[in-house]
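Student: Structure file model_8.txt (compact mmCIF, C-alpha atoms) right here:
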```txt
# COMPACT_ATOMS: atom_id res chain seq x y z
CA PHE G 1 -10.79 -2.85 -21.62
CA LEU G 2 -10.97 -3.75 -25.31
CA LYS G 3 -7.86 -5.91 -25.01
CA ASP G 4 -9.33 -7.80 -22.03
CA LEU G 5 -12.63 -8.27 -23.87
CA THR G 6 -10.92 -9.49 -27.04
CA GLU G 7 -8.80 -12.03 -25.14
CA PHE G 8 -11.86 -13.25 -23.26
CA MET G 9 -13.86 -13.68 -26.47
CA GLU G 10 -11.03 -15.64 -28.08
CA LEU G 11 -11.21 -18.21 -25.28
CA GLN G 12 -14.91 -18.93 -25.89
CA PRO G 13 -16.12 -21.64 -28.32
CA LYS G 14 -17.11 -19.91 -31.58
CA ARG G 15 -20.43 -21.74 -31.83
CA TYR G 16 -21.32 -20.47 -28.35
CA LEU G 17 -20.43 -16.89 -29.26
CA ALA G 18 -22.56 -17.04 -32.40
CA ALA G 19 -25.51 -18.58 -30.55
CA ASP G 20 -25.61 -16.19 -27.61
CA PRO G 21 -23.23 -13.19 -27.79
CA GLU G 22 -25.22 -11.27 -25.15
CA LYS G 23 -24.70 -14.05 -22.62
CA THR G 24 -20.98 -14.08 -23.40
CA LEU G 25 -20.74 -10.35 -22.70
CA SER G 26 -22.74 -10.82 -19.50
CA ILE G 27 -20.25 -13.46 -18.30
CA PHE G 28 -17.34 -11.13 -19.15
CA TYR G 29 -18.80 -8.20 -17.20
CA GLY G 30 -19.69 -10.49 -14.29
CA ARG G 31 -16.15 -11.84 -14.15
CA ASN G 32 -14.63 -8.34 -14.14
CA GLN G 33 -17.02 -7.11 -11.46
CA ARG G 34 -16.27 -10.15 -9.30
CA MET G 35 -12.50 -9.60 -9.62
CA ALA G 36 -12.90 -5.92 -8.76
CA SER G 37 -15.00 -6.79 -5.73
CA GLU G 38 -12.45 -9.36 -4.49
CA ASN G 39 -9.62 -6.79 -4.67
CA ALA G 40 -11.57 -3.86 -3.22
CA GLY G 41 -9.90 -2.41 -0.14
CA PHE G 42 -6.38 -3.54 -0.96
CA PRO G 43 -3.66 -0.91 -1.43
CA LYS G 44 -3.07 0.57 -4.87
CA THR G 45 0.38 2.00 -4.13
CA VAL G 46 2.83 -0.23 -2.23
CA VAL G 47 6.44 0.44 -1.21
CA VAL G 48 8.64 -2.49 -0.18
CA VAL G 49 11.96 -1.97 1.66
CA PRO G 50 13.73 -5.37 1.71
CA ASP G 51 16.05 -5.32 4.72
CA GLY G 52 18.03 -8.28 6.04
CA ASN G 53 20.04 -9.78 3.18
CA ARG G 54 23.44 -9.21 4.79
CA ARG G 55 22.29 -10.30 8.24
CA LYS G 56 20.88 -13.52 6.79
CA ALA G 57 24.22 -14.36 5.19
CA SER G 58 26.25 -13.39 8.26
CA ARG G 59 24.23 -15.58 10.61
CA ILE G 60 24.93 -18.69 8.58
CA GLY G 61 28.59 -17.85 7.99
CA LEU G 62 28.32 -16.77 4.35
CA PRO G 63 29.58 -13.65 2.56
CA ALA G 64 27.20 -10.73 2.04
CA TRP G 65 26.72 -11.43 -1.67
CA ARG G 66 25.09 -14.77 -0.87
CA GLY G 67 22.46 -12.90 1.15
CA HIS G 68 21.73 -10.61 -1.80
CA GLU G 69 21.47 -13.66 -4.04
CA ALA G 70 18.88 -15.19 -1.70
CA GLY G 71 17.08 -11.84 -1.52
CA TYR G 72 16.75 -11.80 -5.30
CA GLU G 73 14.89 -15.11 -5.15
CA THR G 74 12.43 -13.53 -2.71
CA PHE G 75 12.01 -10.53 -4.99
CA LYS G 76 10.99 -12.78 -7.89
CA ILE G 77 8.32 -14.43 -5.76
CA ILE G 78 6.87 -11.16 -4.44
CA PHE G 79 6.99 -9.55 -7.89
CA ASP G 80 4.68 -12.30 -9.14
CA ALA G 81 2.43 -12.22 -6.07
CA ILE G 82 1.79 -8.49 -5.71
CA TRP G 83 -0.10 -7.93 -8.96
CA LYS G 84 -2.90 -10.35 -8.04
CA TYR G 85 -4.13 -7.66 -5.62
CA ASP G 86 -4.56 -5.17 -8.48
CA VAL G 87 -1.73 -3.01 -7.15
CA GLU G 88 -1.16 -0.17 -9.59
CA TYR G 89 2.15 1.21 -8.28
CA PHE G 90 4.78 -1.13 -6.85
CA VAL G 91 7.92 0.61 -5.57
CA PHE G 92 10.93 -1.50 -4.55
CA TRP G 93 13.93 -0.08 -2.73
CA ALA G 94 16.97 -1.72 -4.31
CA LEU G 95 19.92 0.52 -3.36
CA SER G 96 20.26 3.67 -1.27
CA HIS G 97 22.94 6.32 -1.65
CA ASP G 98 24.36 5.25 1.72
CA ASN G 99 24.54 1.65 0.52
CA LEU G 100 26.60 2.73 -2.45
CA VAL G 101 29.19 4.73 -0.49
CA LYS G 102 29.41 2.56 2.65
CA ARG G 103 29.59 -0.95 1.17
CA SER G 104 32.74 -2.58 -0.20
CA SER G 105 33.50 -2.24 -3.90
CA LYS G 106 33.32 -6.04 -4.20
CA GLU G 107 29.78 -6.11 -2.79
CA ILE G 108 28.65 -3.22 -5.00
CA SER G 109 30.14 -4.93 -8.06
CA PHE G 110 28.12 -8.04 -7.26
CA LEU G 111 24.96 -5.95 -6.82
CA PHE G 112 25.50 -4.41 -10.25
CA SER G 113 25.63 -7.87 -11.82
CA LEU G 114 22.57 -8.92 -9.82
CA PHE G 115 20.66 -5.85 -11.03
CA GLN G 116 21.45 -6.80 -14.62
CA LYS G 117 20.05 -10.26 -14.00
CA ALA G 118 16.98 -8.87 -12.23
CA LEU G 119 16.23 -6.42 -15.05
CA GLU G 120 16.43 -9.23 -17.59
CA GLY G 121 13.95 -11.20 -15.49
CA VAL G 122 11.57 -8.25 -15.11
CA GLU G 123 11.69 -7.61 -18.85
CA GLU G 124 10.80 -11.24 -19.56
CA LYS G 125 7.90 -11.10 -17.09
CA ILE G 126 6.51 -7.90 -18.58
CA ALA G 127 6.80 -9.25 -22.13
CA SER G 128 5.19 -12.60 -21.33
CA ASP G 129 1.98 -11.50 -19.61
CA ASP G 130 -0.83 -8.98 -20.02
CA ARG G 131 -0.23 -6.86 -16.93
CA GLU G 132 0.87 -3.86 -19.02
CA ILE G 133 3.59 -2.82 -16.56
CA CYS G 134 5.57 0.36 -17.09
CA PHE G 135 9.09 0.25 -15.62
CA HIS G 136 10.73 3.24 -13.90
CA ALA G 137 14.01 3.83 -12.06
CA ILE G 138 14.42 6.70 -9.59
CA GLY G 139 17.61 7.96 -7.95
CA ASP G 140 21.14 8.95 -8.93
CA TRP G 141 21.90 5.73 -10.78
CA LYS G 142 22.88 7.49 -14.03
CA GLU G 143 25.82 9.17 -12.32
CA ASN G 144 26.97 6.06 -10.45
CA PHE G 145 26.20 2.91 -12.45
CA PRO G 146 28.38 1.28 -15.12
CA GLN G 147 27.39 2.40 -18.61
CA ALA G 148 26.09 -1.01 -19.67
CA LEU G 149 23.77 -1.22 -16.66
CA SER G 150 22.54 2.35 -17.16
CA LEU G 151 21.77 1.60 -20.81
CA GLN G 152 19.88 -1.53 -19.76
CA ILE G 153 17.73 0.51 -17.36
CA GLU G 154 17.04 3.16 -19.99
CA SER G 155 16.19 0.51 -22.58
CA LEU G 156 13.65 -1.24 -20.35
CA ALA G 157 12.04 2.08 -19.40
CA LEU G 158 11.75 3.00 -23.08
CA LYS G 159 10.34 -0.39 -24.12
CA THR G 160 7.60 -0.23 -21.48
CA CYS G 161 6.78 3.49 -21.48
CA GLY G 162 3.61 2.84 -23.48
CA ASN G 163 2.16 0.69 -20.69
CA SER G 164 -0.06 2.59 -18.28
CA LYS G 165 -2.12 0.01 -16.39
CA ARG G 166 0.53 -0.72 -13.75
CA HIS G 167 3.87 0.77 -12.74
CA PHE G 168 6.96 -0.88 -11.25
CA THR G 169 9.63 1.43 -9.83
CA LEU G 170 13.13 0.61 -8.59
CA LEU G 171 14.78 3.03 -6.19
CA LEU G 172 18.45 3.01 -7.19
CA VAL G 173 21.09 5.14 -5.42
CA TYR G 174 18.09 6.89 -3.91
CA ASP G 175 17.73 9.34 -1.04
CA GLY G 176 14.35 10.91 -0.32
CA LYS G 177 15.73 14.11 1.16
CA LYS G 178 17.98 14.64 -1.84
CA GLU G 179 15.02 14.13 -4.16
CA ILE G 180 13.16 16.94 -2.35
CA PHE G 181 16.20 19.26 -2.39
CA ASP G 182 16.82 18.61 -6.09
CA ALA G 183 13.16 19.29 -6.88
CA MET G 184 13.16 22.56 -4.93
CA ASN G 185 16.32 23.77 -6.63
CA LYS G 186 14.94 22.90 -10.05
CA MET G 187 11.62 24.56 -9.27
CA CYS G 188 13.36 27.78 -8.17
CA GLN G 189 15.33 27.86 -11.40
CA LEU G 190 12.55 27.03 -13.85
CA ARG G 191 9.18 28.07 -12.49
CA SER G 192 7.58 31.44 -13.16
CA SER G 193 7.51 33.75 -10.15
CA ASP G 194 3.77 34.31 -10.57
CA VAL G 195 2.92 30.59 -10.29
CA SER G 196 1.64 29.52 -6.87
CA ILE G 197 3.48 26.70 -5.13
CA THR G 198 0.92 23.91 -4.92
CA GLU G 199 1.13 20.15 -4.44
CA THR G 200 0.62 19.68 -8.16
CA GLU G 201 3.34 22.19 -8.96
CA VAL G 202 5.86 20.55 -6.61
CA LYS G 203 5.21 17.06 -8.02
CA LYS G 204 6.16 18.29 -11.49
CA TYR G 205 9.76 18.57 -10.29
CA LEU G 206 10.01 15.32 -8.33
CA GLN G 207 11.47 12.22 -9.96
CA SER G 208 8.68 10.34 -8.21
CA GLY G 209 6.02 12.87 -9.19
CA TYR G 210 4.04 10.26 -11.16
CA ILE G 211 3.58 8.10 -8.04
CA PRO G 212 0.36 8.74 -6.05
CA ASP G 213 0.23 8.87 -2.25
CA VAL G 214 1.58 5.67 -0.76
CA ASP G 215 -1.09 3.39 0.71
CA LEU G 216 1.15 0.74 2.28
CA TYR G 217 4.83 0.77 3.26
CA ILE G 218 6.32 -2.68 4.03
CA ARG G 219 9.72 -3.04 5.65
CA THR G 220 11.28 -6.40 6.50
CA GLY G 221 14.07 -7.21 8.95
CA THR G 222 13.01 -4.72 11.64
CA GLU G 223 14.39 -6.53 14.65
CA GLY G 224 13.40 -4.12 17.39
CA ASP G 225 14.06 -1.01 15.29
CA PRO G 226 11.08 -0.31 13.01
CA HIS G 227 11.95 2.76 10.98
CA LEU G 228 11.70 4.44 7.61
CA SER G 229 14.62 4.62 5.20
CA SER G 230 16.43 7.75 4.02
CA GLY G 231 13.21 9.68 3.50
CA ALA G 232 11.66 7.14 1.15
CA LEU G 233 9.12 8.97 -1.05
CA MET G 234 8.70 11.65 1.61
CA PHE G 235 6.17 13.63 -0.40
CA GLN G 236 3.86 10.63 -0.88
CA MET G 237 4.22 9.06 2.58
CA ALA G 238 2.05 11.50 4.58
CA ASN G 239 -0.89 9.10 5.06
CA ALA G 240 0.78 5.76 4.43
CA GLN G 241 -0.06 2.70 6.50
CA LEU G 242 3.05 0.97 7.89
CA ALA G 243 3.78 -2.74 8.09
CA PHE G 244 6.96 -3.86 9.83
CA THR G 245 8.11 -7.46 10.16
CA GLN G 246 11.13 -8.97 11.90
CA THR G 247 11.44 -11.52 9.10
CA LEU G 248 14.64 -10.99 7.14
CA TRP G 249 14.00 -10.37 3.45
CA PRO G 250 15.43 -13.71 2.20
CA ASN G 251 13.01 -15.49 4.58
CA PHE G 252 9.97 -13.37 3.62
CA THR G 253 7.25 -15.53 2.09
CA VAL G 254 4.12 -15.10 0.01
CA GLU G 255 2.11 -16.27 3.00
CA GLU G 256 3.43 -13.45 5.18
CA PHE G 257 2.93 -10.97 2.36
CA ASP G 258 -0.68 -12.11 1.97
CA LYS G 259 -1.27 -11.62 5.70
CA ILE G 260 0.08 -8.06 5.50
CA MET G 261 -2.18 -7.26 2.56
CA LEU G 262 -5.22 -8.72 4.33
CA ASN G 263 -4.35 -6.82 7.49
CA TYR G 264 -4.27 -3.60 5.48
CA LYS G 265 -7.68 -4.39 3.98
CA ASN G 266 -9.14 -4.84 7.46
CA ARG G 267 -7.71 -1.59 8.86
CA GLU G 268 -9.87 1.49 9.20
CA ARG G 269 -8.21 4.43 7.45
CA ARG G 270 -9.74 7.51 9.05
CA LEU G 271 -7.53 10.08 7.26
CA GLY G 272 -8.40 12.82 9.73
CA ARG G 273 -12.10 12.00 10.02
```
For the file at hand, write its structure as structure tokens.
Tutor:
Amino acid sequence: FLKDLTEFMELQPKRYLAADPEKTLSIFYGRNQRMASENAGFPKTVVVVPDGNRRKASRIGLPAWRGHEAGYETFKIIFDAIWKYDVEYFVFWALSHDNLVKRSSKEISFLFSLFQKALEGVEEKIASDDREICFHAIGDWKENFPQALSLQIESLALKTCGNSKRHFTLLLVYDGKKEIFDAMNKMCQLRSSDVSITETEVKKYLQSGYIPDVDLYIRTGTEGDPHLSSGALMFQMANAQLAFTQTLWPNFTVEEFDKIMLNYKNRERRLGR
């Protein structure tokens, strides 16, 4: 709050501030209330599963890596667009465990280089604006990524760990079922026998325990087969709203994203009522 107020005050002519500081504060509060009102009803926690990169490339006679390259361009656009809705937790599925073991070594090698490029871009974005984004990576990437890439992920997480306003999470070599199993095993080993098993207690042992319940799950490229992926954030998905689109991820646009967000805002979430 103080940072926002300070930046706002710096933009005002000094003679105006000196003449009527109360009016300046009134304008600041009015602006913040208007922005909050405009974004009311939009999801706070959004998961995006970007399917369709390989299919896009195949249909125009190109190798798979060209589809991933095009998908990265879409990611950059959506990364910029999502924060205008005051989303607090943005989770992006980048690589599943199945992807890692079932794709060719050549394709995985290209993805590693693309991740390095993407992380550099995310770091630049976080450093250049005031969104105060904290970066996280969830999954078994430490055991499977090249050392340089792992160090890059750890470095970005460390540099941004002091930010708390918004959170951006990459799912890397991730499997939702495995996350649950790993958490249960860890809980059995470490927890006291006299501690009740509650939702709060379980979340302590999940890699994704800091992420609230998912409000909106978006999956692209669902051509007749809308489905979830490898138990994505199973613990937080209980009441999530789902948005499936046949559009392949490289063809996904801000306009379609905006329509999905508006559709969510206009839905009635009864949550058992």
Student: To one decimal place in Å, what is the distance between atom CA of Leu262 of chain G and atom CA of Gln246 of chain G?
Tutor: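 Going from atom CA of Leu262 of chain G over to atom CA of Gln246 of chain G, I get 18.0 Å.
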Student: Skip segment 87-96 of chain G itself and residues of its chain fewer than 2 positions away, then list as a PDB file with C-alpha atoms, in the coordinates of the input all residues within 8 Å of it, counting all atoms listed in the file.
Tutor:
```pdb
ATOM      1  CA  PHE G  42      -6.380  -3.540  -0.960  1.00  0.00           C
ATOM      2  CA  PRO G  43      -3.660  -0.910  -1.430  1.00  0.00           C
ATOM      3  CA  LYS G  44      -3.070   0.570  -4.870  1.00  0.00           C
ATOM      4  CA  THR G  45       0.380   2.000  -4.130  1.00  0.00           C
ATOM      5  CA  VAL G  46       2.830  -0.230  -2.230  1.00  0.00           C
ATOM      6  CA  VAL G  47       6.440   0.440  -1.210  1.00  0.00           C
ATOM      7  CA  VAL G  48       8.640  -2.490  -0.180  1.00  0.00           C
ATOM      8  CA  VAL G  49      11.960  -1.970   1.660  1.00  0.00           C
ATOM      9  CA  PRO G  50      13.730  -5.370   1.710  1.00  0.00           C
ATOM     10  CA  ILE G  82       1.790  -8.490  -5.710  1.00  0.00           C
ATOM     11  CA  TRP G  83      -0.100  -7.930  -8.960  1.00  0.00           C
ATOM     12  CA  LYS G  84      -2.900 -10.350  -8.040  1.00  0.00           C
ATOM     13  CA  TYR G  85      -4.130  -7.660  -5.620  1.00  0.00           C
ATOM     14  CA  ASP G  98      24.360   5.250   1.720  1.00  0.00           C
ATOM     15  CA  ASN G  99      24.540   1.650   0.520  1.00  0.00           C
ATOM     16  CA  LEU G 100      26.600   2.730  -2.450  1.00  0.00           C
ATOM     17  CA  LYS G 165      -2.120   0.010 -16.390  1.00  0.00           C
ATOM     18  CA  ARG G 166       0.530  -0.720 -13.750  1.00  0.00           C
ATOM     19  CA  HIS G 167       3.870   0.770 -12.740  1.00  0.00           C
ATOM     20  CA  PHE G 168       6.960  -0.880 -11.250  1.00  0.00           C
ATOM     21  CA  THR G 169       9.630   1.430  -9.830  1.00  0.00           C
ATOM     22  CA  LEU G 170      13.130   0.610  -8.590  1.00  0.00           C
ATOM     23  CA  LEU G 171      14.780   3.030  -6.190  1.00  0.00           C
ATOM     24  CA  LEU G 172      18.450   3.010  -7.190  1.00  0.00           C
ATOM     25  CA  VAL G 173      21.090   5.140  -5.420  1.00  0.00           C
ATOM     26  CA  TYR G 174      18.090   6.890  -3.910  1.00  0.00           C
ATOM     27  CA  ASP G 175      17.730   9.340  -1.040  1.00  0.00           C
ATOM     28  CA  ILE G 211       3.580   8.100  -8.040  1.00  0.00           C
ATOM     29  CA  SER G 230      16.430   7.750   4.020  1.00  0.00           C
TER      30      SER G 230
END
```
Student: When distances are computed from all atoms listed in the file, which of G:Asn263, G:Asn163, G:Ser113, G:Ser155 shows the smallest separation from Ile218 of chain G?
Tutor: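 Closest residue, counting all atoms listed in the file: G:Asn263.
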Student: Nearest to Phe112 of chain G among G:Ala81, G:Leu206, G:Ala148, G:Ile133, with distances taken over only C-alpha atoms: which residue is it?
Tutor: G:Ala148
Student: Could you state the separation of atom CA of Ile77 of chain G and atom CA of His97 of chain G in Å, given to one decimal place?
Tutor: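 Computed distance, atom CA of Ile77 of chain G to atom CA of His97 of chain G, equals 25.7 Å.
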Student: Find the residue from G:Asn53, G:Ser192, G:Glu107, G:Tyr210 that sits nearest to Ser164 of chain G; use all atoms listed in the file when measuring.
Tutor: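 Comparing G:Asn53, G:Ser192, G:Glu107, G:Tyr210 against Ser164 of chain G, the winner is G:Tyr210.
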Student: Between G:Tyr264, G:Trp249, G:Phe79, G:Phe257, which is the closest to Gly67 of chain G once you count all atoms listed in the file?
Tutor: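 Of G:Tyr264, G:Trp249, G:Phe79, G:Phe257, the one nearest Gly67 of chain G, counting all atoms listed in the file, is G:Trp249.
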Student: I'd like the interatomic distance between atom CA of Val195 of chain G and atom CA of Ala183 of chain G, to a tenth of an Å.
Tutor: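 Between atom CA of Val195 of chain G and atom CA of Ala183 of chain G the gap is 15.6 Å.
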Student: Show me, as a PyMOL selection string, the residues that have an atom within 9 Å of Arg66 of chain G when counting all atoms listed in the file, minus same-chain residues fewer than 6 positions from it.
Tutor: chain G and resi 53-54+56-57
Student: Residues near Gly221 of chain G, anyone? I mean within 6 Å using all atoms listed in the file, not counting same-chain ones fewer than 3 positions away, as a ChimeraX atom specification.
Tutor: /G:51-52,246-248
Student: Just write the chosen residues, C-alpha atoms, as a compact mmCIF listing (two decimals), in the frame of the given file.
Tutor:
```txt
# COMPACT_ATOMS: atom_id res chain seq x y z
CA ASP G 51 16.05 -5.32 4.72
CA GLY G 52 18.03 -8.28 6.04
CA GLN G 246 11.13 -8.97 11.90
CA THR G 247 11.44 -11.52 9.10
CA LEU G 248 14.64 -10.99 7.14
```
Student: For a quick check of understanding, using all atoms listed in the file, which of G:Arg219, G:Ile260, G:Lys204, G:Glu255 has the smallest distance to Leu190 of chain G?
Tutor: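 Using all atoms listed in the file, Leu190 of chain G sits closest to G:Lys204.
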Student: With distances taken over only C-alpha atoms, which residue among G:Ala240, G:Met234, G:Val254, G:Leu149 lies nearest Arg270 of chain G?
Tutor: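 Of G:Ala240, G:Met234, G:Val254, G:Leu149, the one nearest Arg270 of chain G is G:Ala240, counting only C-alpha atoms.
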Student: Which neighbours of Gly121 of chain G fall inside 12 Å, counting all atoms listed in the file, when residues of the same chain fewer than 3 positions from it are skipped, and could you give them as a PyMOL selection string?
Tutor: chain G and resi 72-73+75-77+79-80+114-118+124-128+156
Student: Print the selection's residues with C-alpha atoms to a file, as a CSV table (one decimal), keeping the file's coordinate frame.
Tutor:
```csv
chain,number,residue,atom,x,y,z
G,72,TYR,CA,16.8,-11.8,-5.3
G,73,GLU,CA,14.9,-15.1,-5.2
G,75,PHE,CA,12.0,-10.5,-5.0
G,76,LYS,CA,11.0,-12.8,-7.9
G,77,ILE,CA,8.3,-14.4,-5.8
G,79,PHE,CA,7.0,-9.6,-7.9
G,80,ASP,CA,4.7,-12.3,-9.1
G,114,LEU,CA,22.6,-8.9,-9.8
G,115,PHE,CA,20.7,-5.8,-11.0
G,116,GLN,CA,21.4,-6.8,-14.6
G,117,LYS,CA,20.0,-10.3,-14.0
G,118,ALA,CA,17.0,-8.9,-12.2
G,124,GLU,CA,10.8,-11.2,-19.6
G,125,LYS,CA,7.9,-11.1,-17.1
G,126,ILE,CA,6.5,-7.9,-18.6
G,127,ALA,CA,6.8,-9.2,-22.1
G,128,SER,CA,5.2,-12.6,-21.3
G,156,LEU,CA,13.6,-1.2,-20.4
```
Student: Please reconstruct the missing atoms of segment 146-155 of chain G (target: all heavy atoms) and return them as a PDB file, in the frame of the given file.
Tutor:
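In the end it all went to out_26.pdb:
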```pdb
ATOM      1  N   PRO G 146      27.623   1.543 -13.892  1.00  0.00           N
ATOM      2  CA  PRO G 146      28.380   1.280 -15.120  1.00  0.00           C
ATOM      3  C   PRO G 146      27.511   1.591 -16.347  1.00  0.00           C
ATOM      4  O   PRO G 146      26.281   1.459 -16.291  1.00  0.00           O
ATOM      5  CB  PRO G 146      28.681  -0.222 -15.033  1.00  0.00           C
ATOM      6  CG  PRO G 146      28.552  -0.560 -13.587  1.00  0.00           C
ATOM      7  CD  PRO G 146      27.508   0.343 -13.034  1.00  0.00           C
ATOM      8  N   GLN G 147      28.136   1.974 -17.428  1.00  0.00           N
ATOM      9  CA  GLN G 147      27.390   2.400 -18.610  1.00  0.00           C
ATOM     10  C   GLN G 147      26.450   1.316 -19.128  1.00  0.00           C
ATOM     11  O   GLN G 147      25.296   1.585 -19.495  1.00  0.00           O
ATOM     12  CB  GLN G 147      28.352   2.811 -19.721  1.00  0.00           C
ATOM     13  CG  GLN G 147      27.635   3.366 -20.959  1.00  0.00           C
ATOM     14  CD  GLN G 147      28.609   3.804 -22.033  1.00  0.00           C
ATOM     15  OE1 GLN G 147      29.765   3.412 -22.040  1.00  0.00           O
ATOM     16  NE2 GLN G 147      28.138   4.626 -22.957  1.00  0.00           N
ATOM     17  N   ALA G 148      26.921   0.075 -19.144  1.00  0.00           N
ATOM     18  CA  ALA G 148      26.090  -1.010 -19.670  1.00  0.00           C
ATOM     19  C   ALA G 148      24.815  -1.182 -18.851  1.00  0.00           C
ATOM     20  O   ALA G 148      23.735  -1.401 -19.402  1.00  0.00           O
ATOM     21  CB  ALA G 148      26.896  -2.312 -19.687  1.00  0.00           C
ATOM     22  N   LEU G 149      24.937  -1.080 -17.533  1.00  0.00           N
ATOM     23  CA  LEU G 149      23.770  -1.220 -16.660  1.00  0.00           C
ATOM     24  C   LEU G 149      22.824  -0.038 -16.832  1.00  0.00           C
ATOM     25  O   LEU G 149      21.599  -0.203 -16.880  1.00  0.00           O
ATOM     26  CB  LEU G 149      24.221  -1.346 -15.206  1.00  0.00           C
ATOM     27  CG  LEU G 149      23.128  -1.512 -14.144  1.00  0.00           C
ATOM     28  CD1 LEU G 149      22.214  -2.692 -14.477  1.00  0.00           C
ATOM     29  CD2 LEU G 149      23.749  -1.693 -12.764  1.00  0.00           C
ATOM     30  N   SER G 150      23.368   1.158 -16.947  1.00  0.00           N
ATOM     31  CA  SER G 150      22.540   2.350 -17.160  1.00  0.00           C
ATOM     32  C   SER G 150      21.767   2.237 -18.471  1.00  0.00           C
ATOM     33  O   SER G 150      20.573   2.567 -18.536  1.00  0.00           O
ATOM     34  CB  SER G 150      23.406   3.610 -17.180  1.00  0.00           C
ATOM     35  OG  SER G 150      23.963   3.861 -15.905  1.00  0.00           O
ATOM     36  N   LEU G 151      22.431   1.768 -19.513  1.00  0.00           N
ATOM     37  CA  LEU G 151      21.770   1.600 -20.810  1.00  0.00           C
ATOM     38  C   LEU G 151      20.660   0.553 -20.730  1.00  0.00           C
ATOM     39  O   LEU G 151      19.615   0.689 -21.364  1.00  0.00           O
ATOM     40  CB  LEU G 151      22.785   1.213 -21.878  1.00  0.00           C
ATOM     41  CG  LEU G 151      23.771   2.301 -22.295  1.00  0.00           C
ATOM     42  CD1 LEU G 151      24.828   1.735 -23.240  1.00  0.00           C
ATOM     43  CD2 LEU G 151      23.040   3.471 -22.950  1.00  0.00           C
ATOM     44  N   GLN G 152      20.897  -0.491 -19.939  1.00  0.00           N
ATOM     45  CA  GLN G 152      19.880  -1.530 -19.760  1.00  0.00           C
ATOM     46  C   GLN G 152      18.643  -0.965 -19.071  1.00  0.00           C
ATOM     47  O   GLN G 152      17.508  -1.271 -19.448  1.00  0.00           O
ATOM     48  CB  GLN G 152      20.468  -2.694 -18.950  1.00  0.00           C
ATOM     49  CG  GLN G 152      19.541  -3.892 -18.836  1.00  0.00           C
ATOM     50  CD  GLN G 152      20.162  -5.025 -18.024  1.00  0.00           C
ATOM     51  OE1 GLN G 152      21.252  -4.881 -17.457  1.00  0.00           O
ATOM     52  NE2 GLN G 152      19.480  -6.149 -17.964  1.00  0.00           N
ATOM     53  N   ILE G 153      18.848  -0.132 -18.068  1.00  0.00           N
ATOM     54  CA  ILE G 153      17.730   0.510 -17.360  1.00  0.00           C
ATOM     55  C   ILE G 153      16.959   1.423 -18.304  1.00  0.00           C
ATOM     56  O   ILE G 153      15.716   1.381 -18.368  1.00  0.00           O
ATOM     57  CB  ILE G 153      18.261   1.302 -16.148  1.00  0.00           C
ATOM     58  CG1 ILE G 153      18.812   0.354 -15.086  1.00  0.00           C
ATOM     59  CG2 ILE G 153      17.161   2.185 -15.554  1.00  0.00           C
ATOM     60  CD1 ILE G 153      19.580   1.046 -13.981  1.00  0.00           C
ATOM     61  N   GLU G 154      17.684   2.237 -19.052  1.00  0.00           N
ATOM     62  CA  GLU G 154      17.040   3.160 -19.990  1.00  0.00           C
ATOM     63  C   GLU G 154      16.266   2.405 -21.064  1.00  0.00           C
ATOM     64  O   GLU G 154      15.165   2.809 -21.457  1.00  0.00           O
ATOM     65  CB  GLU G 154      18.093   4.069 -20.622  1.00  0.00           C
ATOM     66  CG  GLU G 154      18.697   5.061 -19.641  1.00  0.00           C
ATOM     67  CD  GLU G 154      19.866   5.828 -20.246  1.00  0.00           C
ATOM     68  OE1 GLU G 154      20.331   5.432 -21.342  1.00  0.00           O
ATOM     69  OE2 GLU G 154      20.309   6.816 -19.629  1.00  0.00           O
ATOM     70  N   SER G 155      16.829   1.310 -21.534  1.00  0.00           N
ATOM     71  CA  SER G 155      16.190   0.510 -22.580  1.00  0.00           C
ATOM     72  C   SER G 155      14.867  -0.084 -22.089  1.00  0.00           C
ATOM     73  O   SER G 155      13.847  -0.030 -22.793  1.00  0.00           O
ATOM     74  CB  SER G 155      17.128  -0.611 -23.027  1.00  0.00           C
ATOM     75  OG  SER G 155      16.488  -1.477 -23.940  1.00  0.00           O
TER      76      SER G 155
END
```
